[in-house]
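J.: I'd like to ask you about the structure that follows.
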Amino acid sequence: MSKRIAVLTALIPALLSTTVGLAPAHSAPRAPTAVVTLTYDASAAGPWADSVKQAVQNWNDAVHNVHLEPTSTPGSADYVYEATSGWPQATLGPIFPGGSGDVQLGQQAVDQGYDATRITAHETGHILGLPDDYSGPCSELMSGHGPGTSCTNAKPDAAEAAQVDSNYAAGMAATHRRHHQVVIDIWSGRVLTGSH
């Protein structure tokens, strides 16, 4: 009997250490989240139409968890682009399908000498949940007017793209903000005081 126990005692660790088609004990990797598709309406963008197309392309090239595309049904877009005479402004997201975001492409910034595609891409960054960082370099899209009128970069940098991917990483299961905050960008050297 003691011989059998000794043999079993020797065999059990050997059997436990072999993996005969058994899955590892750690959890399986999570299935990839479906890409969130946001639709936009640029029918009121007027002279900004080409800037909208380029800005959207720049974001689609940079991020993986969200995709921007024109709406096929007018009035049902998740956000809209519209040309205005004032300063650029946008809803601060992240906006999700069924949302009601707004990007106002203000002519005053272009009149000040700022690049229309940079403005459009910057304001789209707000829709995707990015705040302003005016102290950043030209390579940061969300630095907006900070680097001056000579800055025409209209592409998000790696950190900005990563933040947007993080904002949409949970897909449609993400918690959606119920309140809407509008970010008004004054594309000039002036600094606004107070809240808006």
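Residue numbering restarts at 1 for every chain of the structure tokens, chains are lettered A, B, ... in their displayed order, and ligands are numbered from 1 as they appear.
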What are the nearest atom pairs, with distances in Å to one decimal, for all residues of segment 46-92 of chain A that come at most 10 Å from segment 154-167 of chain A, using only C-alpha atoms, set out by chain and rising residue number as CSV?
T.:
residue,atom,partner,partner_atom,distance
A:Ser51,CA,A:Ala154,CA,9.6
A:Gln54,CA,A:Ala154,CA,8.6
A:Ala55,CA,A:Ala154,CA,6.8
A:Val56,CA,A:Lys155,CA,9.9
A:Gln57,CA,A:Lys155,CA,9.4
A:Asn58,CA,A:Lys155,CA,5.7
A:Trp59,CA,A:Pro156,CA,7.1
A:Asn60,CA,A:Ala161,CA,9.8
A:Asp61,CA,A:Lys155,CA,9.2
A:Ala62,CA,A:Ala161,CA,5.9
A:Val63,CA,A:Ala161,CA,5.5
A:His64,CA,A:Asp165,CA,6.3
A:Asn65,CA,A:Asp165,CA,5.2
A:Val66,CA,A:Asp165,CA,7.0
J.: Could you save those same residues with N, CA and C atoms as an mmCIF file, in the first residue's frame?
T.:
data_model
loop_
_atom_site.group_PDB
_atom_site.id
_atom_site.type_symbol
_atom_site.label_atom_id
_atom_site.label_comp_id
_atom_site.auth_asym_id
_atom_site.auth_seq_id
_atom_site.Cartn_x
_atom_site.Cartn_y
_atom_site.Cartn_z
ATOM 1 N N SER A 51 -12.143 71.509 -45.983
ATOM 2 C CA SER A 51 -11.467 71.403 -44.685
ATOM 3 C C SER A 51 -12.082 70.312 -43.830
ATOM 4 N N GLN A 54 -10.850 66.897 -45.143
ATOM 5 C CA GLN A 54 -9.463 66.627 -44.768
ATOM 6 C C GLN A 54 -9.319 66.373 -43.271
ATOM 7 N N ALA A 55 -10.010 67.167 -42.459
ATOM 8 C CA ALA A 55 -9.942 66.986 -41.004
ATOM 9 C C ALA A 55 -10.466 65.613 -40.596
ATOM 10 N N VAL A 56 -11.590 65.208 -41.184
ATOM 11 C CA VAL A 56 -12.167 63.895 -40.890
ATOM 12 C C VAL A 56 -11.193 62.798 -41.309
ATOM 13 N N GLN A 57 -10.598 62.946 -42.486
ATOM 14 C CA GLN A 57 -9.629 61.947 -42.952
ATOM 15 C C GLN A 57 -8.439 61.854 -41.996
ATOM 16 N N ASN A 58 -7.962 63.010 -41.536
ATOM 17 C CA ASN A 58 -6.830 63.013 -40.597
ATOM 18 C C ASN A 58 -7.163 62.256 -39.320
ATOM 19 N N TRP A 59 -8.363 62.447 -38.801
ATOM 20 C CA TRP A 59 -8.763 61.729 -37.583
ATOM 21 C C TRP A 59 -8.954 60.243 -37.873
ATOM 22 N N ASN A 60 -9.609 59.916 -38.972
ATOM 23 C CA ASN A 60 -9.811 58.498 -39.298
ATOM 24 C C ASN A 60 -8.488 57.770 -39.509
ATOM 25 N N ASP A 61 -7.497 58.461 -40.038
ATOM 26 C CA ASP A 61 -6.177 57.849 -40.219
ATOM 27 C C ASP A 61 -5.446 57.633 -38.898
ATOM 28 N N ALA A 62 -5.769 58.438 -37.889
ATOM 29 C CA ALA A 62 -5.016 58.430 -36.633
ATOM 30 C C ALA A 62 -5.597 57.526 -35.547
ATOM 31 N N VAL A 63 -6.906 57.281 -35.590
ATOM 32 C CA VAL A 63 -7.545 56.543 -34.488
ATOM 33 C C VAL A 63 -8.118 55.215 -34.976
ATOM 34 N N HIS A 64 -8.407 54.320 -34.012
ATOM 35 C CA HIS A 64 -8.855 52.968 -34.343
ATOM 36 C C HIS A 64 -10.208 52.596 -33.740
ATOM 37 N N ASN A 65 -10.593 53.230 -32.636
ATOM 38 C CA ASN A 65 -11.803 52.823 -31.928
ATOM 39 C C ASN A 65 -13.046 53.621 -32.320
ATOM 40 N N VAL A 66 -12.857 54.651 -33.132
ATOM 41 C CA VAL A 66 -13.988 55.456 -33.598
ATOM 42 C C VAL A 66 -13.733 55.804 -35.060
#
J.: Would you kindly return, as a list in words, each protein, DNA or RNA residue with an atom no farther than 6 Å from any atom of segment 90-107 of chain A, considering only C-alpha atoms and excluding same-chain residues fewer than 5 positions away?
T.: Leu38, Asp78, Tyr79, Val80, Tyr81, Glu82, Ala83, Thr84, Ser85, Glu123, His126, Ile127, Leu128, Gly129, Gln181, Val182 and Val183 of chain A
J.: Nearest residue to Glu140 of chain A out of A:Tyr168, A:Thr152, A:Gln112, A:Gln89, using only C-alpha atoms?
T.: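 Going through A:Tyr168, A:Thr152, A:Gln112, A:Gln89 one by one, the smallest distance to Glu140 of chain A is for A:Thr152.
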J.: Measure the distance from atom CA of Tyr40 of chain A to atom CA of His122 of chain A in Å and round it to one decimal.
T.: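 Separation between atom CA of Tyr40 of chain A and atom CA of His122 of chain A: 15.5 Å.
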J.: Per DSSP on the backbone, what are the helix (DSSP H, G or I) residues of segment 119-178 of chain A, as number ranges by chain?
T.: A: 119-127, 141-143, 158-167, 171-173
J.: Any idea what the distance is between atom CA of Asp50 of chain A and atom CA of Thr149 of chain A?
T.: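 Between atom CA of Asp50 of chain A and atom CA of Thr149 of chain A the gap works out to 19.5 Å.
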J.: Might you pull out every residue within 8 Å of Val52 of chain A, with only C-alpha atoms counted and same-chain residues fewer than 5 positions away left off, and present them as a PDB file with N, CA, C and O atoms, in the first residue's frame?
T.:
ATOM      1  N   ALA A  42     -22.286  67.815 -42.882  1.00  0.00           N
ATOM      2  CA  ALA A  42     -21.512  68.999 -43.263  1.00  0.00           C
ATOM      3  C   ALA A  42     -22.246  69.820 -44.318  1.00  0.00           C
ATOM      4  O   ALA A  42     -21.633  70.651 -44.986  1.00  0.00           O
ATOM      5  N   ALA A  45     -21.647  73.471 -43.973  1.00  0.00           N
ATOM      6  CA  ALA A  45     -20.253  73.885 -43.806  1.00  0.00           C
ATOM      7  C   ALA A  45     -19.809  74.909 -44.848  1.00  0.00           C
ATOM      8  O   ALA A  45     -18.798  75.585 -44.662  1.00  0.00           O
ATOM      9  N   TYR A  81     -21.423  70.102 -38.720  1.00  0.00           N
ATOM     10  CA  TYR A  81     -20.481  71.191 -38.986  1.00  0.00           C
ATOM     11  C   TYR A  81     -21.278  72.321 -39.622  1.00  0.00           C
ATOM     12  O   TYR A  81     -22.077  72.074 -40.540  1.00  0.00           O
ATOM     13  N   THR A 117      -8.156  74.147 -42.155  1.00  0.00           N
ATOM     14  CA  THR A 117      -8.161  72.704 -41.883  1.00  0.00           C
ATOM     15  C   THR A 117      -7.712  72.433 -40.451  1.00  0.00           C
ATOM     16  O   THR A 117      -8.265  71.552 -39.776  1.00  0.00           O
ATOM     17  N   THR A 120     -10.682  73.176 -38.246  1.00  0.00           N
ATOM     18  CA  THR A 120     -11.700  72.125 -38.353  1.00  0.00           C
ATOM     19  C   THR A 120     -11.279  70.859 -37.614  1.00  0.00           C
ATOM     20  O   THR A 120     -12.070  70.265 -36.875  1.00  0.00           O
ATOM     21  N   ALA A 121     -10.026  70.449 -37.782  1.00  0.00           N
ATOM     22  CA  ALA A 121      -9.538  69.248 -37.100  1.00  0.00           C
ATOM     23  C   ALA A 121      -9.502  69.459 -35.584  1.00  0.00           C
ATOM     24  O   ALA A 121      -9.837  68.552 -34.813  1.00  0.00           O
TER      25      ALA A 121
END
J.: Record the distance separating atom CA of Gly146 of chain A and atom CA of Thr124 of chain A, expressed in Å with one decimal.
T.: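 Calculated distance between atom CA of Gly146 of chain A and atom CA of Thr124 of chain A is 17.2 Å.
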